[in-house]
Amino acid sequence: MRDLILGQVLSYTADPFATGPQAAQLTEGLVVEGGKIIAVGAADALRRSYPEAMVTDYGTHLISAGFIDAHAHYPQTAMIASWGKRLIDWLNTYTFPEEMRFSNKTYAEDVANRYFDLTVSNGTTSVCSYCTIHSESVDAFFTAAAARNQRVWAGKTCMDRNAPDGLQDTAQSAYDHSARLLSKWHGQGRASYVITPRFSPTSTEDQLAALGALWAENSGCLMQTHLSEQTDEIAWVRDLFPTARDYLDTYERHGLLGRGGLYGHAIHLEPREKSRLAEVDASLIHCPTSNTFIGSGLFDMGGLKAAGHRIGLATDTGGGSSFSMLRTMAAAYEVAQLRGRSLHPSELWWLATAGSAQALHADHLIGNIAPGLEADLVVIDLGSTPAIAQATTRASTIWEALFPTIMMGDDRAILDVWIAGRRKV
Ligand SMILES: [Zn+2]
């Protein structure tokens, strides 16, 4: 069966940071078959070429690739918007007690299902998530994603120091359990396993080395961790690794720096760290609602993009304060404003779709609307609230029509979601 989906179809031919807003284009429709996009173009031409297709006409509503959240902690779903802490206190006060609960399979399944319901209702069709130390949390995540046929990335979070007893593994068990989960889930349907040391303060050098070895043996996998989120954290890393050149070196010396490495936050980077990250083509993941909420600092989107870094956008749920990639784009705009760079709506939207896909090395699969890509779509109502609708009445370009939704939109703007060619909402 073929679907012909009509509306204002937004896609990209290039990175708007490099070529400007003209990197985006608007067309009138796309055709979906077998979970993939097979044609994009003018409505009349598509109707003529595919007369048998089932037509879904969204009128003037906007059709985009679904949002891709490149860094989240699904186990922190229930503790989102917890008050008053900075990174280390926040982990000890809120995160670790909640993550302890994921040894319980039923609890993990309940939260995983709730997490996917919440993110899909916000237009997010793919996520890259941390789990907890427990294998149950990984199984629950991938099982819930498979039931929805979503393209996802995740891995068991490894920690063998500076965490409560119930949340610690060892260098060996981190390696063994990660390897077992990797062989169980990686490449199953739309699932990809990600090797996941939480961050240097909670892993010994032995554990980092074990996970570096696992990555070397499975170089087709991504590796995710955190880097230079807060200045207190960086000082702690300096104490824990007195011979390291800098924070990044704690990963680099253990085989945890490379292409396919995802480094969350990356706010307070040294010049050497920036040049090494660019040199190996690592991915930096910007989590703006988290960075303001936990008081971490201002990511240098303008400077890092200009230097050629591969950058994705993410909520960092629940350090981030929203499940919505619209709210996340708004926060990215605000953070960049505070650094003197006004991100164009085409750049913000690209970050939440094609940019995150590139960061996850999946832009040949998702993140854009083009023949051959998987049909993960979000349909946006550009006048979803009275405040947004009145702000767009004088819009003369798609960007003027879209920017109020970026800044003020939420799940009410999500009219529909398609996952692998199937309509979900
Ligand atoms: Zn995180």
# chains A, B, ... in the order shown; residues from 1 in each chain; ligands from 1
>>> residues_near_ligand(ligand="ligand 1", cutoff="10 Å", atoms="only C-alpha atoms and all ligand atoms", output="mmCIF file with all heavy atoms, in the first residue's frame")
data_model
loop_
_atom_site.group_PDB
_atom_site.id
_atom_site.type_symbol
_atom_site.label_atom_id
_atom_site.label_comp_id
_atom_site.auth_asym_id
_atom_site.auth_seq_id
_atom_site.Cartn_x
_atom_site.Cartn_y
_atom_site.Cartn_z
ATOM 1 N N HIS A 71 20.266 12.782 22.972
ATOM 2 C CA HIS A 71 20.830 12.488 24.305
ATOM 3 C C HIS A 71 19.703 12.609 25.320
ATOM 4 O O HIS A 71 19.199 13.704 25.567
ATOM 5 C CB HIS A 71 21.964 13.469 24.619
ATOM 6 C CG HIS A 71 22.599 13.310 25.973
ATOM 7 N ND1 HIS A 71 23.953 13.137 26.142
ATOM 8 C CD2 HIS A 71 22.076 13.314 27.231
ATOM 9 C CE1 HIS A 71 24.231 13.051 27.439
ATOM 10 N NE2 HIS A 71 23.099 13.161 28.126
ATOM 11 N N ALA A 72 19.319 11.484 25.904
ATOM 12 C CA ALA A 72 18.265 11.483 26.925
ATOM 13 C C ALA A 72 18.564 10.387 27.938
ATOM 14 O O ALA A 72 19.358 9.483 27.671
ATOM 15 C CB ALA A 72 16.902 11.246 26.292
ATOM 16 N N HIS A 73 17.941 10.523 29.097
ATOM 17 C CA HIS A 73 18.011 9.473 30.113
ATOM 18 C C HIS A 73 16.564 9.070 30.383
ATOM 19 O O HIS A 73 15.911 9.670 31.243
ATOM 20 C CB HIS A 73 18.655 9.988 31.395
ATOM 21 C CG HIS A 73 20.061 10.492 31.220
ATOM 22 N ND1 HIS A 73 21.166 9.784 31.640
ATOM 23 C CD2 HIS A 73 20.545 11.626 30.648
ATOM 24 C CE1 HIS A 73 22.264 10.466 31.359
ATOM 25 N NE2 HIS A 73 21.915 11.589 30.752
ATOM 26 N N GLN A 76 15.006 8.792 33.840
ATOM 27 C CA GLN A 76 14.736 10.003 34.629
ATOM 28 C C GLN A 76 13.403 10.655 34.261
ATOM 29 O O GLN A 76 13.129 11.788 34.666
ATOM 30 C CB GLN A 76 15.890 10.999 34.447
ATOM 31 C CG GLN A 76 17.231 10.432 34.936
ATOM 32 C CD GLN A 76 18.417 11.319 34.605
ATOM 33 O OE1 GLN A 76 18.259 12.495 34.314
ATOM 34 N NE2 GLN A 76 19.617 10.762 34.646
ATOM 35 N N SER A 129 19.261 7.122 24.103
ATOM 36 C CA SER A 129 19.074 7.234 25.550
ATOM 37 C C SER A 129 20.121 6.456 26.335
ATOM 38 O O SER A 129 20.594 5.409 25.907
ATOM 39 C CB SER A 129 17.685 6.724 25.939
ATOM 40 O OG SER A 129 17.458 6.898 27.326
ATOM 41 N N TYR A 130 20.420 6.966 27.508
ATOM 42 C CA TYR A 130 21.096 6.191 28.532
ATOM 43 C C TYR A 130 20.038 5.331 29.210
ATOM 44 O O TYR A 130 18.880 5.752 29.341
ATOM 45 C CB TYR A 130 21.721 7.119 29.577
ATOM 46 C CG TYR A 130 22.929 7.892 29.075
ATOM 47 C CD1 TYR A 130 22.805 8.817 28.043
ATOM 48 C CD2 TYR A 130 24.180 7.704 29.639
ATOM 49 C CE1 TYR A 130 23.907 9.525 27.585
ATOM 50 C CE2 TYR A 130 25.289 8.411 29.182
ATOM 51 C CZ TYR A 130 25.142 9.317 28.154
ATOM 52 O OH TYR A 130 26.235 10.016 27.697
ATOM 53 N N ARG A 198 28.929 6.329 31.972
ATOM 54 C CA ARG A 198 28.190 7.563 32.311
ATOM 55 C C ARG A 198 29.070 8.792 32.127
ATOM 56 O O ARG A 198 28.736 9.677 31.368
ATOM 57 C CB ARG A 198 27.654 7.501 33.737
ATOM 58 C CG ARG A 198 26.963 8.782 34.123
ATOM 59 C CD ARG A 198 26.288 8.757 35.471
ATOM 60 N NE ARG A 198 24.930 9.251 35.300
ATOM 61 C CZ ARG A 198 23.837 8.562 35.535
ATOM 62 N NH1 ARG A 198 23.899 7.352 36.024
ATOM 63 N NH2 ARG A 198 22.655 9.066 35.295
ATOM 64 N N PHE A 199 30.153 8.862 32.872
ATOM 65 C CA PHE A 199 31.180 9.891 32.696
ATOM 66 C C PHE A 199 32.380 9.526 33.562
ATOM 67 O O PHE A 199 32.289 8.670 34.443
ATOM 68 C CB PHE A 199 30.667 11.310 32.926
ATOM 69 C CG PHE A 199 30.243 11.718 34.319
ATOM 70 C CD1 PHE A 199 30.245 13.063 34.685
ATOM 71 C CD2 PHE A 199 29.815 10.802 35.256
ATOM 72 C CE1 PHE A 199 29.844 13.484 35.942
ATOM 73 C CE2 PHE A 199 29.405 11.202 36.530
ATOM 74 C CZ PHE A 199 29.423 12.545 36.858
ATOM 75 N N GLN A 224 28.544 6.662 23.892
ATOM 76 C CA GLN A 224 28.052 7.942 24.426
ATOM 77 C C GLN A 224 28.543 8.153 25.853
ATOM 78 O O GLN A 224 28.647 7.218 26.636
ATOM 79 C CB GLN A 224 26.521 8.012 24.383
ATOM 80 C CG GLN A 224 25.807 6.971 25.237
ATOM 81 C CD GLN A 224 24.300 7.025 25.113
ATOM 82 O OE1 GLN A 224 23.736 7.987 24.619
ATOM 83 N NE2 GLN A 224 23.629 5.974 25.566
ATOM 84 N N THR A 225 28.835 9.414 26.149
ATOM 85 C CA THR A 225 29.202 9.770 27.511
ATOM 86 C C THR A 225 28.993 11.279 27.687
ATOM 87 O O THR A 225 28.423 11.934 26.808
ATOM 88 C CB THR A 225 30.646 9.328 27.827
ATOM 89 O OG1 THR A 225 30.884 9.456 29.228
ATOM 90 C CG2 THR A 225 31.670 10.154 27.035
ATOM 91 N N HIS A 226 29.391 11.795 28.849
ATOM 92 C CA HIS A 226 29.271 13.225 29.145
ATOM 93 C C HIS A 226 30.647 13.864 29.172
ATOM 94 O O HIS A 226 31.627 13.219 29.548
ATOM 95 C CB HIS A 226 28.586 13.428 30.502
ATOM 96 C CG HIS A 226 27.177 12.926 30.564
ATOM 97 N ND1 HIS A 226 26.866 11.625 30.866
ATOM 98 C CD2 HIS A 226 25.999 13.553 30.359
ATOM 99 C CE1 HIS A 226 25.539 11.472 30.853
ATOM 100 N NE2 HIS A 226 24.980 12.622 30.546
ATOM 101 N N LEU A 227 30.702 15.146 28.834
ATOM 102 C CA LEU A 227 31.993 15.843 28.778
ATOM 103 C C LEU A 227 31.822 17.310 29.159
ATOM 104 O O LEU A 227 31.016 18.022 28.556
ATOM 105 C CB LEU A 227 32.565 15.754 27.345
ATOM 106 C CG LEU A 227 33.874 16.495 27.071
ATOM 107 C CD1 LEU A 227 35.026 15.863 27.850
ATOM 108 C CD2 LEU A 227 34.178 16.504 25.570
ATOM 109 N N GLU A 229 30.542 19.415 31.507
ATOM 110 C CA GLU A 229 29.218 20.016 31.684
ATOM 111 C C GLU A 229 29.291 21.185 32.667
ATOM 112 O O GLU A 229 28.755 22.250 32.394
ATOM 113 C CB GLU A 229 28.251 18.925 32.178
ATOM 114 C CG GLU A 229 26.825 19.382 32.395
ATOM 115 C CD GLU A 229 25.910 18.223 32.769
ATOM 116 O OE1 GLU A 229 26.387 17.062 32.818
ATOM 117 O OE2 GLU A 229 24.711 18.472 33.016
ATOM 118 N N TYR A 263 29.433 13.081 22.704
ATOM 119 C CA TYR A 263 29.875 13.743 23.925
ATOM 120 C C TYR A 263 28.831 14.771 24.340
ATOM 121 O O TYR A 263 28.713 15.833 23.708
ATOM 122 C CB TYR A 263 31.275 14.350 23.713
ATOM 123 C CG TYR A 263 32.246 13.253 23.304
ATOM 124 C CD1 TYR A 263 32.389 12.895 21.961
ATOM 125 C CD2 TYR A 263 32.920 12.506 24.272
ATOM 126 C CE1 TYR A 263 33.214 11.842 21.588
ATOM 127 C CE2 TYR A 263 33.751 11.447 23.902
ATOM 128 C CZ TYR A 263 33.886 11.116 22.563
ATOM 129 O OH TYR A 263 34.683 10.054 22.196
ATOM 130 N N GLY A 264 28.061 14.425 25.360
ATOM 131 C CA GLY A 264 26.969 15.283 25.818
ATOM 132 C C GLY A 264 27.489 16.510 26.535
ATOM 133 O O GLY A 264 28.408 16.403 27.349
ATOM 134 N N HIS A 265 26.913 17.656 26.224
ATOM 135 C CA HIS A 265 27.178 18.970 26.840
ATOM 136 C C HIS A 265 28.373 19.675 26.193
ATOM 137 O O HIS A 265 28.189 20.639 25.478
ATOM 138 C CB HIS A 265 27.296 18.879 28.362
ATOM 139 C CG HIS A 265 26.088 18.230 28.987
ATOM 140 N ND1 HIS A 265 24.835 18.756 28.854
ATOM 141 C CD2 HIS A 265 25.946 17.062 29.679
ATOM 142 C CE1 HIS A 265 23.970 17.968 29.462
ATOM 143 N NE2 HIS A 265 24.605 16.932 29.963
ATOM 144 N N ILE A 285 26.866 16.835 21.587
ATOM 145 C CA ILE A 285 25.410 16.862 21.730
ATOM 146 C C ILE A 285 25.030 18.014 22.658
ATOM 147 O O ILE A 285 25.371 18.016 23.848
ATOM 148 C CB ILE A 285 24.870 15.525 22.281
ATOM 149 C CG1 ILE A 285 25.449 14.331 21.492
ATOM 150 C CG2 ILE A 285 23.347 15.550 22.228
ATOM 151 C CD1 ILE A 285 25.109 14.291 20.018
ATOM 152 N N CYS A 287 22.555 20.193 24.826
ATOM 153 C CA CYS A 287 21.367 19.933 25.651
ATOM 154 C C CYS A 287 20.964 21.236 26.347
ATOM 155 O O CYS A 287 21.188 21.398 27.554
ATOM 156 C CB CYS A 287 21.672 18.854 26.684
ATOM 157 S SG CYS A 287 22.403 17.345 26.015
ATOM 158 N N SER A 290 18.756 21.532 29.658
ATOM 159 C CA SER A 290 19.495 20.984 30.799
ATOM 160 C C SER A 290 20.565 21.962 31.254
ATOM 161 O O SER A 290 20.758 22.192 32.453
ATOM 162 C CB SER A 290 20.131 19.654 30.395
ATOM 163 O OG SER A 290 21.013 19.192 31.389
ATOM 164 N N ALA A 314 19.506 17.876 21.815
ATOM 165 C CA ALA A 314 18.922 16.879 22.720
ATOM 166 C C ALA A 314 18.269 17.520 23.930
ATOM 167 O O ALA A 314 18.601 18.630 24.329
ATOM 168 C CB ALA A 314 20.010 15.919 23.179
ATOM 169 N N THR A 315 17.355 16.760 24.535
ATOM 170 C CA THR A 315 16.667 17.233 25.741
ATOM 171 C C THR A 315 17.469 16.971 27.011
ATOM 172 O O THR A 315 17.293 17.660 28.001
ATOM 173 C CB THR A 315 15.321 16.514 25.918
ATOM 174 O OG1 THR A 315 15.561 15.110 26.081
ATOM 175 C CG2 THR A 315 14.401 16.755 24.736
ATOM 176 N N ASP A 316 18.278 15.898 27.044
ATOM 177 C CA ASP A 316 18.892 15.428 28.292
ATOM 178 C C ASP A 316 17.843 15.202 29.372
ATOM 179 O O ASP A 316 18.079 15.460 30.550
ATOM 180 C CB ASP A 316 19.988 16.386 28.777
ATOM 181 C CG ASP A 316 20.854 15.787 29.884
ATOM 182 O OD1 ASP A 316 20.997 14.548 29.920
ATOM 183 O OD2 ASP A 316 21.368 16.553 30.720
ATOM 184 N N THR A 317 16.680 14.711 29.007
ATOM 185 C CA THR A 317 15.680 14.283 30.000
ATOM 186 C C THR A 317 16.355 13.377 31.036
ATOM 187 O O THR A 317 17.113 12.494 30.652
ATOM 188 C CB THR A 317 14.583 13.431 29.288
ATOM 189 O OG1 THR A 317 13.991 14.219 28.281
ATOM 190 C CG2 THR A 317 13.537 12.958 30.267
ATOM 191 N N GLY A 318 16.127 13.563 32.374
ATOM 192 C CA GLY A 318 15.388 14.595 33.006
ATOM 193 C C GLY A 318 16.253 15.697 33.595
ATOM 194 O O GLY A 318 15.744 16.464 34.408
ATOM 195 N N GLY A 319 17.563 15.809 33.240
ATOM 196 C CA GLY A 319 18.311 17.012 33.583
ATOM 197 C C GLY A 319 17.750 18.166 32.786
ATOM 198 O O GLY A 319 17.667 19.298 33.258
ATOM 199 N N GLY A 320 17.330 17.864 31.556
ATOM 200 C CA GLY A 320 16.589 18.833 30.768
ATOM 201 C C GLY A 320 15.183 18.949 31.318
ATOM 202 O O GLY A 320 14.664 18.015 31.926
#
>>> residues_around(residues="Ser356 in chain A", least_positions_apart="4", cutoff="10 Å", atoms="only C-alpha atoms", output="ChimeraX atom specification")
/A:67-71,126-128,283-286,310-314,350-352,360-363,366-367
>>> closest_residue(among="A:Gly35, A:Asn368, A:Arg48, A:Ser183", to="Ala14 in chain A", atoms="only C-alpha atoms")
A:Asn368
>>> closest_residue(among="A:Ala140, A:Met325, A:Leu338, A:Ile80", to="Phe299 in chain A", atoms="only C-alpha atoms")
A:Leu338
>>> select_by_dssp(residues="range 225-333 of chain A", states="alpha helix (DSSP H)", output="JSON, numbers by chain")
{"A": [231, 232, 233, 234, 235, 236, 237, 238, 239, 240, 247, 248, 249, 250, 251, 252, 271, 272, 273, 274, 275, 276, 277, 278, 279, 288, 289, 290, 291, 292, 293, 301, 302, 303, 304, 305, 306, 325, 326, 327, 328, 329, 330, 331, 332, 333]}
>>> closest_residue(among="A:Val9, A:Ser192, A:Ala81, A:His61", to="Ala39 in chain A", atoms="only C-alpha atoms")
A:Val9
>>> closest_residue(among="A:Gln168, A:Thr143, A:Ser346, A:Ser121", to="Val417 in chain A", atoms="only C-alpha atoms")
A:Ser121
>>> residues_around(residues="range 396-408 of chain A", least_positions_apart="3", cutoff="7 Å", atoms="only C-alpha atoms", output="PyMOL selection string")
chain A and resi 326-327+329-330+345+382+388+391-392
>>> closest_residue(among="A:Ser203, A:Thr124, A:Gln337, A:Thr93", to="Ala65 in chain A", atoms="only C-alpha atoms")
A:Thr124
>>> atom_distance(atom1="CA of Arg151 in chain A", atom2="CA of Asp15 in chain A")
22.3 Å
